[in-house]
$ cat query_4.txt   # compact mmCIF, C-alpha atoms
# COMPACT_ATOMS: atom_id res chain seq x y z
CA MET A 738 69.37 -19.92 1.92
CA ASN A 739 65.64 -20.36 1.59
CA LEU A 740 64.25 -16.85 1.80
CA SER A 741 60.64 -17.81 1.38
CA ASP A 742 59.71 -20.36 4.02
CA SER A 743 58.56 -17.79 6.57
CA LYS A 744 57.19 -14.26 6.62
CA LYS A 745 60.20 -13.16 8.69
CA LYS A 746 62.65 -14.30 6.01
CA LEU A 747 60.53 -12.70 3.31
CA ALA A 748 60.54 -9.44 5.29
CA LEU A 749 64.33 -9.82 5.53
CA ALA A 750 64.53 -9.93 1.72
CA GLY A 751 62.51 -6.70 1.72
CA VAL A 752 64.94 -5.21 4.25
CA VAL A 753 67.90 -6.04 1.97
CA CYS A 754 66.14 -4.39 -0.97
CA GLY A 755 65.31 -1.41 1.27
CA ILE A 756 68.98 -1.07 2.22
CA VAL A 757 69.92 -1.11 -1.49
CA ALA A 758 67.34 1.63 -2.14
CA ALA A 759 68.66 3.67 0.79
CA VAL A 760 72.29 3.35 -0.41
CA LEU A 761 71.29 4.41 -3.93
CA ALA A 762 69.37 7.41 -2.57
CA ALA A 763 72.29 8.37 -0.34
CA THR A 764 74.84 8.12 -3.16
CA GLY A 765 73.07 10.31 -5.67
CA ASN A 766 69.79 8.94 -7.02
CA PRO A 767 66.87 11.43 -6.99
CA ALA A 768 64.96 12.02 -3.77
CA ASN A 769 62.16 9.51 -3.07
CA MET A 770 63.01 7.81 -6.36
CA ALA A 771 65.98 5.66 -5.32
CA ILE A 772 65.14 2.69 -7.54
CA CYS A 773 61.75 3.48 -9.13
CA ILE A 774 61.29 1.06 -12.01
CA ALA A 775 58.96 3.27 -14.09
CA CYS A 776 61.20 6.33 -13.65
CA PHE A 777 64.35 4.41 -14.48
CA VAL A 778 62.88 2.64 -17.52
CA ARG A 779 61.66 6.09 -18.63
CA ASP A 780 65.17 7.54 -18.14
CA THR A 781 66.69 4.62 -20.06
CA ALA A 782 64.12 5.08 -22.86
CA GLY A 783 65.25 8.72 -22.96
CA ALA A 784 68.91 7.70 -23.13
CA LEU A 785 68.02 5.48 -26.11
CA LYS A 786 66.28 8.53 -27.65
CA PHE A 787 62.82 6.95 -27.64
CA HIS A 788 61.84 10.38 -26.30
CA SER A 789 63.70 13.65 -26.04
CA ALA A 790 62.66 15.04 -22.64
CA ALA A 791 66.04 16.53 -21.67
CA ALA A 792 65.34 16.24 -17.93
CA VAL A 793 64.91 12.47 -17.93
CA GLN A 794 67.58 10.80 -20.06
CA TYR A 795 70.07 8.41 -18.48
CA ALA A 796 70.73 4.71 -19.04
CA ARG A 797 70.07 3.51 -15.49
CA PRO A 798 72.40 0.63 -14.55
CA GLU A 799 69.83 -0.39 -11.90
CA ILE A 800 67.44 -1.63 -14.63
CA VAL A 801 70.24 -3.60 -16.28
CA GLY A 802 71.26 -4.94 -12.86
CA ILE A 803 67.78 -6.08 -11.85
CA VAL A 804 67.31 -8.09 -15.07
CA LEU A 805 70.83 -9.55 -14.88
CA GLY A 806 70.56 -10.23 -11.13
CA ALA A 807 67.37 -12.22 -11.68
CA PHE A 808 68.94 -13.94 -14.72
CA ALA A 809 72.09 -14.93 -12.81
CA ILE A 810 70.31 -16.19 -9.68
CA SER A 811 67.78 -18.16 -11.73
CA LEU A 812 70.61 -19.79 -13.71
CA ALA A 813 72.50 -20.57 -10.51
CA THR A 814 69.45 -22.14 -8.86
CA LYS A 815 68.30 -23.90 -12.06
CA GLU A 816 65.08 -21.88 -12.08
CA TYR A 817 65.77 -20.28 -15.46
CA ARG A 818 62.96 -21.34 -17.80
CA SER A 819 62.64 -19.92 -21.27
CA THR A 820 58.90 -19.50 -21.87
CA GLY A 821 56.61 -17.45 -24.08
CA GLY A 822 53.44 -17.31 -26.11
CA SER A 823 50.87 -16.02 -23.62
CA SER A 824 49.18 -13.23 -25.60
CA PRO A 825 52.37 -11.18 -26.13
CA MET A 826 50.77 -8.20 -27.88
CA ILE A 827 48.16 -7.81 -25.15
CA ARG A 828 51.00 -7.86 -22.63
CA PHE A 829 52.78 -5.20 -24.70
CA VAL A 830 49.70 -2.96 -24.43
CA LEU A 831 49.41 -3.68 -20.69
CA GLY A 832 53.07 -2.64 -20.34
CA MET A 833 52.28 0.65 -22.07
CA ILE A 834 49.26 1.19 -19.79
CA ILE A 835 51.34 0.48 -16.68
CA MET A 836 53.88 3.08 -17.75
CA ILE A 837 51.37 5.75 -18.82
CA GLY A 838 49.49 5.37 -15.51
CA SER A 839 52.72 5.38 -13.49
CA LEU A 840 54.00 8.54 -15.17
CA ALA A 841 50.69 10.34 -14.58
CA PHE A 842 51.20 9.67 -10.85
CA LEU A 843 55.01 10.07 -11.15
CA GLY A 844 56.13 6.65 -9.99
CA CYS A 845 55.55 2.93 -10.22
CA PRO A 846 54.19 0.97 -7.23
CA LEU A 847 57.76 0.69 -5.88
CA ARG A 848 58.20 4.46 -5.88
CA MET A 849 54.69 4.81 -4.42
CA VAL A 850 55.90 2.83 -1.40
CA LEU A 851 59.17 4.83 -1.26
CA ARG A 852 57.17 8.08 -1.35
CA MET A 853 54.81 6.74 1.34
CA SER A 854 57.84 6.02 3.54
CA ALA A 855 58.95 9.65 3.15
CA GLY A 856 55.61 10.98 4.38
CA ASP A 857 54.29 11.95 0.92
CA LEU A 858 50.53 11.84 1.48
CA ASN A 859 49.92 12.05 -2.29
CA ALA A 860 51.34 8.53 -2.50
CA TRP A 861 49.01 7.34 0.29
CA VAL A 862 46.11 8.74 -1.76
CA ALA A 863 47.44 6.94 -4.86
CA LEU A 864 47.54 3.69 -2.86
CA ILE A 865 43.72 3.82 -2.76
CA GLY A 866 43.65 3.80 -6.56
CA PHE A 867 46.35 1.12 -6.82
CA ALA A 868 44.59 -1.23 -4.38
CA ALA A 869 41.26 -0.63 -6.15
CA GLY A 870 42.92 -1.42 -9.50
CA VAL A 871 44.39 -4.64 -8.12
CA ALA A 872 40.98 -5.55 -6.66
CA THR A 873 39.34 -4.97 -10.05
CA GLY A 874 41.95 -7.19 -11.71
CA ALA A 875 41.40 -9.85 -9.04
CA PHE A 876 37.64 -9.67 -9.67
CA PHE A 877 38.21 -10.48 -13.33
CA LEU A 878 40.64 -13.29 -12.43
CA LYS A 879 37.80 -14.81 -10.41
CA LYS A 880 35.51 -14.40 -13.40
CA GLY A 881 37.89 -16.46 -15.54
CA PHE A 882 40.22 -13.85 -17.09
CA SER A 883 43.25 -15.43 -18.72
CA LEU A 884 45.86 -14.48 -21.29
CA GLY A 885 46.45 -18.18 -21.98
CA ARG A 886 49.30 -20.40 -20.95
CA ALA A 887 52.95 -19.86 -21.75
CA HIS A 888 54.95 -22.65 -23.38
CA GLU A 889 58.57 -23.69 -23.13
CA THR A 890 60.67 -22.09 -25.87
CA ASN A 891 64.27 -22.49 -26.98
CA ALA A 892 66.55 -21.63 -24.07
CA ALA A 893 68.11 -18.82 -26.11
CA SER A 894 64.80 -16.97 -26.44
CA GLY A 895 64.73 -15.98 -22.78
CA THR A 896 68.27 -14.61 -22.94
CA VAL A 897 67.42 -11.86 -25.43
CA LEU A 898 66.34 -9.20 -22.95
CA PRO A 899 69.29 -9.82 -20.58
CA ILE A 900 71.65 -9.57 -23.59
CA LEU A 901 69.98 -6.35 -24.78
CA MET A 902 70.44 -4.96 -21.27
CA VAL A 903 74.17 -5.78 -21.39
CA GLY A 904 74.27 -3.97 -24.74
CA ILE A 905 72.68 -0.85 -23.22
CA LEU A 906 75.20 -0.93 -20.38
CA ILE A 907 78.16 -1.27 -22.77
CA LEU A 908 76.87 1.57 -24.97
CA SER A 909 76.37 3.83 -21.97
CA VAL A 910 79.80 3.15 -20.47
CA CYS A 911 81.96 2.88 -23.61
CA THR A 912 80.37 5.29 -26.09
CA THR A 913 78.74 8.71 -26.26
CA LEU A 914 75.89 7.43 -28.42
CA LEU A 915 73.29 7.54 -25.66
CA ALA A 916 71.68 10.75 -24.43
CA ALA A 917 72.26 11.88 -20.84
CA SER A 918 70.61 14.75 -18.98
CA GLU A 919 72.96 17.70 -18.37
CA PRO A 920 73.73 18.48 -14.70
CA GLY A 921 70.88 20.52 -13.24
CA ALA A 922 68.49 19.56 -16.04
CA GLY A 923 66.30 17.35 -13.84
CA PRO A 924 66.09 13.93 -12.21
CA GLY A 925 67.92 12.26 -15.11
CA ALA A 926 71.07 14.13 -14.09
CA LEU A 927 70.93 12.81 -10.53
CA HIS A 928 72.46 9.41 -10.16
CA ALA A 929 74.64 7.23 -7.99
CA PRO A 930 78.06 6.16 -9.37
CA ILE A 931 77.63 3.54 -12.12
CA LEU A 932 79.25 0.70 -10.20
CA ILE A 933 77.09 1.26 -7.11
CA SER A 934 73.97 1.48 -9.31
CA LEU A 935 74.85 -1.74 -11.12
CA ILE A 936 75.71 -3.71 -7.98
CA GLY A 937 72.62 -2.33 -6.27
CA GLY A 938 70.48 -3.46 -9.21
CA LEU A 939 72.07 -6.92 -9.22
CA ILE A 940 71.39 -7.42 -5.50
CA PHE A 941 67.87 -6.02 -5.81
CA GLY A 942 67.12 -8.29 -8.79
CA ALA A 943 68.48 -11.39 -7.09
CA PHE A 944 66.57 -10.82 -3.84
CA ALA A 945 63.40 -9.85 -5.72
CA GLN A 946 63.68 -13.12 -7.67
CA LYS A 947 64.20 -15.21 -4.53
CA SER A 948 61.38 -13.53 -2.61
CA ARG A 949 59.05 -13.08 -5.63
CA MET A 950 58.65 -9.45 -4.56
CA CYS A 951 55.65 -7.93 -6.34
CA PHE A 952 53.64 -4.89 -5.37
CA ALA A 953 50.52 -5.92 -7.31
CA GLY A 954 50.86 -9.59 -6.38
CA SER A 955 51.07 -8.81 -2.67
CA ILE A 956 47.65 -7.13 -2.67
CA ARG A 957 46.23 -9.68 -5.14
CA ASP A 958 47.20 -12.56 -2.83
CA ILE A 959 45.55 -10.87 0.16
CA ILE A 960 42.33 -10.45 -1.82
CA LEU A 961 42.26 -13.87 -3.50
CA VAL A 962 43.73 -16.22 -0.90
CA LYS A 963 44.23 -14.12 2.24
CA SER A 964 47.97 -14.74 2.02
CA PHE A 965 50.19 -12.10 3.63
CA ASP A 966 53.49 -13.62 2.47
CA LEU A 967 54.26 -11.24 -0.38
CA ILE A 968 53.19 -8.14 1.53
CA SER A 969 55.81 -9.08 4.17
CA VAL A 970 58.53 -8.27 1.60
CA ILE A 971 57.02 -4.84 0.95
CA VAL A 972 56.67 -4.14 4.68
CA GLY A 973 60.40 -4.89 5.12
CA LEU A 974 61.33 -2.46 2.34
CA PHE A 975 58.95 0.20 3.67
CA ALA A 976 60.34 -0.10 7.21
CA VAL A 977 63.96 0.39 6.11
CA MET A 978 63.13 3.39 3.96
CA LEU A 979 61.00 4.91 6.75
CA ILE A 980 63.95 4.64 9.15
CA TYR A 981 66.34 6.00 6.49
CA ASN A 982 64.08 8.96 5.73
CA ILE A 983 63.57 9.83 9.39
CA ALA A 984 67.31 9.45 10.15
CA THR A 985 68.40 11.63 7.23
CA GLY A 986 65.73 14.30 7.64
CA GLY A 987 63.97 13.25 4.44
CA PHE A 988 60.65 12.49 6.15
CA HIS A 989 58.09 15.29 5.61
CA LEU A 990 54.47 14.42 6.32
CA GLY A 991 52.17 16.33 3.99
CA PHE A 992 50.88 16.88 0.49
CA SER A 993 53.00 19.84 -0.58
CA GLY A 994 56.75 20.29 -0.85
CA GLN A 995 57.30 16.65 -1.79
CA PRO A 996 60.09 15.91 -4.29
CA ILE A 997 58.92 15.13 -7.84
CA ALA A 998 55.22 14.83 -6.97
CA HIS A 999 51.92 16.60 -7.52
CA SER A 1000 48.65 16.78 -5.59
CA ALA A 1001 46.13 16.19 -8.38
CA HIS A 1002 44.43 13.57 -6.21
CA LEU A 1003 41.91 12.27 -8.74
CA TRP A 1004 44.66 11.65 -11.30
CA ASN A 1005 47.00 10.12 -8.76
CA ILE A 1006 44.19 7.71 -7.88
CA LEU A 1007 43.14 6.98 -11.48
CA GLY A 1008 46.74 6.71 -12.73
CA MET A 1009 47.57 4.11 -10.11
CA TYR A 1010 44.18 2.44 -10.61
CA ALA A 1011 45.22 1.78 -14.23
CA VAL A 1012 48.60 0.52 -13.01
CA GLY A 1013 47.11 -1.87 -10.44
CA PHE A 1014 44.48 -3.17 -12.85
CA ALA A 1015 46.93 -3.68 -15.74
CA ALA A 1016 49.59 -5.19 -13.48
CA VAL A 1017 47.21 -7.90 -12.23
CA LEU A 1018 46.10 -8.67 -15.78
CA ALA A 1019 49.77 -8.88 -16.86
CA GLY A 1020 50.73 -10.97 -13.82
CA GLY A 1021 53.01 -8.51 -12.04
CA CYS A 1022 54.13 -4.97 -11.33
CA PRO A 1023 56.97 -3.36 -13.35
CA LEU A 1024 59.63 -4.75 -10.98
CA ARG A 1025 58.19 -8.25 -11.23
CA GLN A 1026 58.10 -7.99 -15.05
CA LEU A 1027 61.84 -7.20 -15.09
CA VAL A 1028 62.54 -10.15 -12.77
CA LEU A 1029 60.34 -12.60 -14.72
CA ALA A 1030 61.99 -11.43 -17.96
CA GLY A 1031 65.37 -12.12 -16.31
CA GLN A 1032 64.36 -15.66 -15.40
CA GLY A 1033 63.38 -16.43 -18.98
CA SER A 1034 59.85 -15.19 -19.66
CA SER A 1035 59.60 -13.68 -23.14
CA ASP A 1036 56.05 -12.62 -22.26
CA SER A 1037 57.40 -10.42 -19.48
CA ALA A 1038 60.19 -9.20 -21.78
CA VAL A 1039 57.50 -8.03 -24.20
CA THR A 1040 55.73 -6.30 -21.29
CA VAL A 1041 59.03 -4.54 -20.51
CA LEU A 1042 59.21 -3.37 -24.13
CA GLY A 1043 55.68 -2.02 -23.60
CA LEU A 1044 56.99 -0.09 -20.59
CA PHE A 1045 59.69 1.49 -22.80
CA VAL A 1046 57.23 2.46 -25.52
CA GLY A 1047 54.74 3.70 -22.91
CA ALA A 1048 57.46 5.99 -21.54
CA ALA A 1049 58.17 7.31 -25.03
CA VAL A 1050 54.46 7.92 -25.69
CA SER A 1051 54.05 9.64 -22.31
CA HIS A 1052 56.86 12.12 -22.90
CA ASN A 1053 56.49 12.59 -26.66
CA PHE A 1054 52.81 13.50 -26.31
CA GLY A 1055 52.88 15.32 -22.97
CA LEU A 1056 50.93 12.70 -21.01
CA ALA A 1057 53.27 12.44 -18.02
CA GLY A 1058 52.39 14.31 -14.84
CA ALA A 1059 54.23 17.54 -14.06
CA ALA A 1060 55.79 17.83 -10.61
CA ALA A 1061 54.74 20.70 -8.36
CA SER A 1062 57.49 23.28 -7.89
CA ALA A 1063 58.16 26.21 -5.59
CA ALA A 1064 58.71 29.71 -6.95
CA THR A 1065 62.26 30.61 -7.99
CA ALA A 1066 63.88 33.86 -9.16
CA ASP A 1067 62.94 33.05 -12.77
CA LYS A 1068 59.76 31.05 -12.37
CA ALA A 1069 56.45 31.29 -10.52
CA ALA A 1070 55.35 28.43 -8.28
CA SER A 1071 53.52 25.62 -10.07
CA ALA A 1072 50.99 23.16 -8.66
CA GLY A 1073 51.93 20.59 -11.30
CA GLY A 1074 49.45 17.87 -12.22
CA VAL A 1075 48.32 15.97 -15.28
CA SER A 1076 47.63 17.70 -18.62
CA THR A 1077 44.28 17.29 -20.40
CA ALA A 1078 45.98 14.93 -22.85
CA GLY A 1079 47.36 12.96 -19.91
CA GLN A 1080 43.94 12.77 -18.28
CA ILE A 1081 42.36 11.50 -21.50
CA ALA A 1082 45.17 8.95 -21.85
CA VAL A 1083 44.61 7.63 -18.31
CA VAL A 1084 40.87 7.23 -18.97
CA ILE A 1085 41.61 5.43 -22.26
CA CYS A 1086 44.06 3.16 -20.41
CA ILE A 1087 41.37 2.20 -17.88
CA VAL A 1088 38.81 1.55 -20.64
CA VAL A 1089 41.35 -0.62 -22.50
CA CYS A 1090 42.00 -2.59 -19.28
CA PHE A 1091 38.27 -3.33 -19.02
CA ILE A 1092 38.13 -4.38 -22.68
CA ILE A 1093 41.12 -6.70 -22.21
CA ALA A 1094 39.64 -8.10 -18.99
CA LEU A 1095 36.26 -8.76 -20.63
CA THR A 1096 37.53 -10.26 -23.87
CA ASN A 1097 40.18 -12.71 -22.66
CA LYS A 1098 38.60 -15.73 -21.03
CA ARG A 1099 39.99 -19.04 -19.95
CA LYS A 1100 39.54 -21.84 -22.46
CA MET A 1101 38.67 -25.33 -21.26
CA ALA A 1102 41.39 -27.93 -21.71
CA LYS A 1103 38.97 -30.22 -23.52
CA MET B 206 51.10 -20.27 14.11
CA ARG B 207 49.58 -23.17 12.17
CA LYS B 208 51.79 -26.24 12.04
CA LYS B 209 52.98 -27.21 8.55
CA GLU B 210 51.79 -30.56 7.22
CA LEU B 211 52.60 -32.67 4.19
CA LYS B 212 49.96 -31.81 1.57
CA LEU B 213 49.07 -32.47 -2.03
CA VAL B 214 49.78 -29.33 -4.07
CA VAL B 215 48.46 -29.10 -7.62
CA THR B 216 49.94 -26.42 -9.89
CA PHE B 217 48.34 -25.13 -13.08
CA HIS B 218 49.42 -23.50 -16.32
CA THR B 219 47.42 -20.34 -15.59
CA THR B 220 45.92 -18.53 -12.62
CA ALA B 221 42.55 -18.85 -14.33
CA ASP B 222 42.83 -22.66 -14.17
CA ALA B 223 43.49 -22.40 -10.43
CA MET B 224 40.45 -20.14 -10.01
CA ALA B 225 38.35 -22.61 -12.02
CA MET B 226 39.60 -25.39 -9.75
CA GLU B 227 38.44 -23.51 -6.67
CA LYS B 228 35.00 -22.93 -8.14
CA THR B 229 34.65 -26.55 -9.27
CA CYS B 230 35.77 -27.99 -5.94
CA LYS B 231 33.31 -25.77 -4.07
CA GLU B 232 30.47 -26.86 -6.34
CA HIS B 233 31.34 -30.55 -6.04
CA GLU B 234 32.26 -30.38 -2.35
CA VAL B 235 35.83 -31.56 -2.89
CA ASN B 236 38.07 -30.62 0.02
CA GLY B 237 41.01 -28.24 -0.34
CA ARG B 238 41.92 -24.58 -0.71
CA LEU B 239 43.67 -22.16 -3.00
CA ILE B 240 47.19 -21.09 -1.94
CA PRO B 241 50.04 -19.11 -3.53
CA VAL B 242 52.33 -21.61 -5.29
CA PRO B 243 54.90 -22.58 -2.61
CA ARG B 244 58.29 -20.98 -3.40
CA ALA B 245 60.03 -24.34 -3.04
CA ILE B 246 58.05 -25.60 -6.03
CA SER B 247 58.24 -22.65 -8.37
CA ALA B 248 59.81 -19.25 -8.99
CA GLY B 249 56.50 -18.20 -10.55
CA CYS B 250 53.81 -16.44 -8.58
CA GLY B 251 50.58 -18.14 -9.51
CA LEU B 252 48.06 -19.98 -7.36
CA ALA B 253 47.88 -23.69 -6.56
CA TRP B 254 45.31 -26.09 -5.14
CA CYS B 255 46.23 -27.55 -1.76
CA ALA B 256 44.50 -30.67 -0.44
CA ASP B 257 45.05 -33.51 1.99
CA LEU B 258 47.05 -36.41 0.59
CA THR B 259 44.04 -38.65 1.23
CA ASP B 260 41.94 -36.53 -1.16
CA ARG B 261 44.30 -37.16 -4.09
CA ASP B 262 41.88 -39.38 -6.02
CA SER B 263 38.88 -37.08 -5.68
CA VAL B 264 41.00 -34.09 -6.73
CA LEU B 265 42.30 -35.87 -9.83
CA ASP B 266 38.82 -37.19 -10.67
CA ILE B 267 37.17 -33.81 -10.58
CA MET B 268 39.91 -32.23 -12.74
CA ASP B 269 39.41 -35.01 -15.28
CA GLN B 270 35.62 -34.62 -15.20
CA VAL B 271 35.49 -30.88 -15.81
CA GLY B 272 38.58 -30.58 -18.03
CA ILE B 273 41.05 -28.69 -15.86
CA GLU B 274 44.60 -29.56 -16.89
CA HIS B 275 47.17 -29.54 -14.12
CA GLU B 276 50.81 -28.63 -14.61
CA GLU B 277 52.39 -30.72 -11.84
CA LEU B 278 51.44 -32.64 -8.71
CA HIS B 279 53.62 -32.19 -5.64
CA GLU B 280 53.70 -33.44 -2.10
CA CYS B 281 55.19 -30.76 0.11
CA MET B 282 54.97 -29.12 3.52
CA VAL B 283 52.36 -26.35 3.52

$ encode --input "query_4.txt" --output "C-alpha cells"
Amino acid sequence: MNLSDSKKKLALAGVVCGIVAAVLAATGNPANMAICIACFVRDTAGALKFHSAAAVQYARPEIVGIVLGAFAISLATKEYRSTGGSSPMIRFVLGMIIMIGSLAFLGCPLRMVLRMSAGDLNAWVALIGFAAGVATGAFFLKKGFSLGRAHETNAASGTVLPILMVGILILSVCTTLLAASEPGAGPGALHAPILISLIGGLIFGAFAQKSRMCFAGSIRDIILVKSFDLISVIVGLFAVMLIYNIATGGFHLGFSGQPIAHSAHLWNILGMYAVGFAAVLAGGCPLRQLVLAGQGSSDSAVTVLGLFVGAAVSHNFGLAGAAASAATADKAASAGGVSTAGQIAVVICIVVCFIIALTNKRKMAK
Amino acid sequence: MRKKELKLVVTFHTTADAMAMEKTCKEHEVNGRLIPVPRAISAGCGLAWCADLTDRDSVLDIMDQVGIEHEELHECMV
C-alpha cells in the first residue's frame, strides 16, 4: 500500500503510530512518554551502563523494534541502501546535542507532541523553541549549509546498527548483564511487556519508514517549500493521543502537575531550540535517525551513537532536567528544572550548532 | 485540490544542492520549483527540483553551466 500519495494516507500512518503509542502507554510505559525516543535511548544507555542513574535504566525493546522495523520494511521494499561518509563526526556531535537538549526539556520532539496531546502547556512552550530551532537550521540550509554527500558503501556496513540492536535485545532477555531500574525507582521501572514493546516498535519503525515521519522535517518542509505532507503524519499521531488522553482521564491542561516535566520555560525553549537546530543540520529528528539507520545509513547510525553518548554525558554530569514533584511524607515539593551545569551545556550546544552551521558549506561539483 | 501532472523531477545528492538549484533557477529565470522528494522516488527526505517536461533542456543546461550535479532524473506525477 502506498502510504504517501496523499495527506490523508500520511495522516493514517500517523494514526497507526498514535495507536501504537497509546497501547504502549496503556500497557505500562511511563505517562506521557509512551515511545519517547530520547527517553528510551537514555534508558537503554543506562541499561548498557553508559550512565548509572538508577531511575532510568532499561533496555527498551521499542528502540530495537524501530530500527529493525525500518530495516525489515526497507529490505522488503528494496529501499535498503547502505550509505555513509557525510561528515560522520559532526553528525556524532549533533546527536549528542540533540540528546542533551532533549533531556534538558525532558523529551524528544516525539514526546513533546505526546505531552502537548496530554495538555502539558510546558510542551507547547517548548514547541516555540523547537520551531525556532528548525527555522534557524532552515535559514542555514538556504545559505548553503551542507555536511557533504553520502556515498554507497558495502551492503554489510548498514547492517551494523540493526545487528547491535539485536545483540542488546538478546542480552536484555537472556542474561542479567544489563542494568534495570528497580520497581518504584523511576520511569525506567515502568514498561510494557517486552513482546508488546518489541512489536510496537517494529510497527512504529515500519510505518515511520513508509511515511518518512520526522518532527523536524515536517516543520522544515513547511518553511522551505510550504509542503504540509510530513506534518500530516504528526497531526494523525497527535489526534489519536489527544483522544486517548481525554478518554482515559490523562488530559490535564496546565503547567503544573504534569508527569515527568518541569516549568523552567526559558530552558524548555532553549533545550528544544538546540534540538530543532541540530536535527535540521543532521537531517532528521531522533526518530528519523533511528529509521534512516535502519534503512542503511551509517551516517544516521553514527548520529544514534551520539544520542547514546549524549545521554551518558547528560546523566553523568547532571545536565538533564529534573522533573517537578509534589510533596510526599519524606520529601518537600520540588519545582524541578535545569541545573546550572545543564544550562551552560544547553548554551554550549547552541553555540556549537552555530559553529557547525557556519563552517560547513556546500562545495561546487566542479 | 491541484490536479497531478507528469513532471520532470531532479534529485540531488544533498539538500544544499537542491537549495543552490532553486537560487540558480531564480537568477536565470528557469521555470520550476522546489518540492520534497516524492516518496515514490526515494525513501530519503531531501528536496528535489520539479519542472515541466518541456523545460528539461533548460534545466539540464543550467545545472551544467553552474556546476550542480544531479543524482537522478525522473518523470513522475507531482

$ interface_residues --input "query_4.txt" --of "chain B" --to "chain A" --cutoff "8 Å" --atoms "all atoms listed in the file" --output "short mmCIF file (atom, residue, chain, number, x, y, z; two decimals) with C-alpha atoms, in the frame of the given file"
data_model
loop_
_atom_site.label_atom_id
_atom_site.label_comp_id
_atom_site.auth_asym_id
_atom_site.auth_seq_id
_atom_site.Cartn_x
_atom_site.Cartn_y
_atom_site.Cartn_z
CA HIS B 218 49.42 -23.50 -16.32
CA THR B 219 47.42 -20.34 -15.59
CA THR B 220 45.92 -18.53 -12.62
CA ALA B 221 42.55 -18.85 -14.33
CA ASP B 222 42.83 -22.66 -14.17
CA MET B 224 40.45 -20.14 -10.01
CA ALA B 225 38.35 -22.61 -12.02
CA LEU B 239 43.67 -22.16 -3.00
CA ILE B 240 47.19 -21.09 -1.94
CA PRO B 241 50.04 -19.11 -3.53
CA ARG B 244 58.29 -20.98 -3.40
CA ALA B 245 60.03 -24.34 -3.04
CA SER B 247 58.24 -22.65 -8.37
CA ALA B 248 59.81 -19.25 -8.99
CA GLY B 249 56.50 -18.20 -10.55
CA CYS B 250 53.81 -16.44 -8.58
CA GLY B 272 38.58 -30.58 -18.03
CA ILE B 273 41.05 -28.69 -15.86
CA GLU B 274 44.60 -29.56 -16.89
#

$ residues_around --input "query_4.txt" --residues "B:Cys281" --least-positions-apart "6" --cutoff "10 Å" --atoms "all atoms listed in the file" --output "JSON list (two decimals) with C-alpha atoms, keeping the file's coordinate frame"
[["chain", "number", "residue", "atom", "x", "y", "z"],
["B", 209, "LYS", "CA", 52.98, -27.21, 8.55],
["B", 210, "GLU", "CA", 51.79, -30.56, 7.22],
["B", 211, "LEU", "CA", 52.60, -32.67, 4.19],
["B", 212, "LYS", "CA", 49.96, -31.81, 1.57],
["B", 213, "LEU", "CA", 49.07, -32.47, -2.03],
["B", 214, "VAL", "CA", 49.78, -29.33, -4.07],
["B", 243, "PRO", "CA", 54.90, -22.58, -2.61],
["B", 245, "ALA", "CA", 60.03, -24.34, -3.04],
["B", 246, "ILE", "CA", 58.05, -25.60, -6.03],
["B", 255, "CYS", "CA", 46.23, -27.55, -1.76],
["B", 258, "LEU", "CA", 47.05, -36.41, 0.59]]

$ atom_distance --input "query_4.txt" --atom1 "atom CA of A:Phe777" --atom2 "atom CA of A:Ala748"
24.4 Å

$ atom_distance --input "query_4.txt" --atom1 "atom CA of A:Val1075" --atom2 "atom CA of A:Ala762"
26.0 Å

$ residues_around --input "query_4.txt" --residues "stretch 1002-1016 of chain A" --least-positions-apart "3" --cutoff "8 Å" --atoms "all atoms listed in the file" --output "tab-separated table (two decimals) with C-alpha atoms, in the coordinates of the input"
chain	number	residue	atom	x	y	z
A	831	LEU	CA	49.41	-3.68	-20.69
A	832	GLY	CA	53.07	-2.64	-20.34
A	834	ILE	CA	49.26	1.19	-19.79
A	835	ILE	CA	51.34	0.48	-16.68
A	836	MET	CA	53.88	3.08	-17.75
A	837	ILE	CA	51.37	5.75	-18.82
A	838	GLY	CA	49.49	5.37	-15.51
A	839	SER	CA	52.72	5.38	-13.49
A	840	LEU	CA	54.00	8.54	-15.17
A	841	ALA	CA	50.69	10.34	-14.58
A	842	PHE	CA	51.20	9.67	-10.85
A	845	CYS	CA	55.55	2.93	-10.22
A	846	PRO	CA	54.19	0.97	-7.23
A	859	ASN	CA	49.92	12.05	-2.29
A	860	ALA	CA	51.34	8.53	-2.50
A	862	VAL	CA	46.11	8.74	-1.76
A	863	ALA	CA	47.44	6.94	-4.86
A	864	LEU	CA	47.54	3.69	-2.86
A	865	ILE	CA	43.72	3.82	-2.76
A	866	GLY	CA	43.65	3.80	-6.56
A	867	PHE	CA	46.35	1.12	-6.82
A	868	ALA	CA	44.59	-1.23	-4.38
A	869	ALA	CA	41.26	-0.63	-6.15
A	870	GLY	CA	42.92	-1.42	-9.50
A	871	VAL	CA	44.39	-4.64	-8.12
A	872	ALA	CA	40.98	-5.55	-6.66
A	873	THR	CA	39.34	-4.97	-10.05
A	874	GLY	CA	41.95	-7.19	-11.71
A	953	ALA	CA	50.52	-5.92	-7.31
A	1019	ALA	CA	49.77	-8.88	-16.86
A	1020	GLY	CA	50.73	-10.97	-13.82
A	1021	GLY	CA	53.01	-8.51	-12.04
A	1022	CYS	CA	54.13	-4.97	-11.33
A	1023	PRO	CA	56.97	-3.36	-13.35
A	1074	GLY	CA	49.45	17.87	-12.22
A	1075	VAL	CA	48.32	15.97	-15.28
A	1080	GLN	CA	43.94	12.77	-18.28
A	1083	VAL	CA	44.61	7.63	-18.31
A	1084	VAL	CA	40.87	7.23	-18.97
A	1086	CYS	CA	44.06	3.16	-20.41
A	1087	ILE	CA	41.37	2.20	-17.88
A	1090	CYS	CA	42.00	-2.59	-19.28

$ atom_distance --input "query_4.txt" --atom1 "atom CA of B:Trp254" --atom2 "atom CA of B:Met226"
7.4 Å

$ residues_around --input "query_4.txt" --residues "A:Ile997" --least-positions-apart "6" --cutoff "9 Å" --atoms "all atoms listed in the file" --output "PyMOL selection string"
chain A and resi 767-770+843+924+1059-1062

$ residues_near_point --input "query_4.txt" --point "(61.0, -6.4, -25.5)" --cutoff "10 Å" --atoms "only C-alpha atoms" --output "list in words"
Pro825, Phe829, Val897, Leu898, Leu901, Ala1030, Ser1035, Asp1036, Ser1037, Ala1038, Val1039, Thr1040, Val1041, Leu1042, Gly1043, Leu1044, Phe1045 and Val1046 of chain A
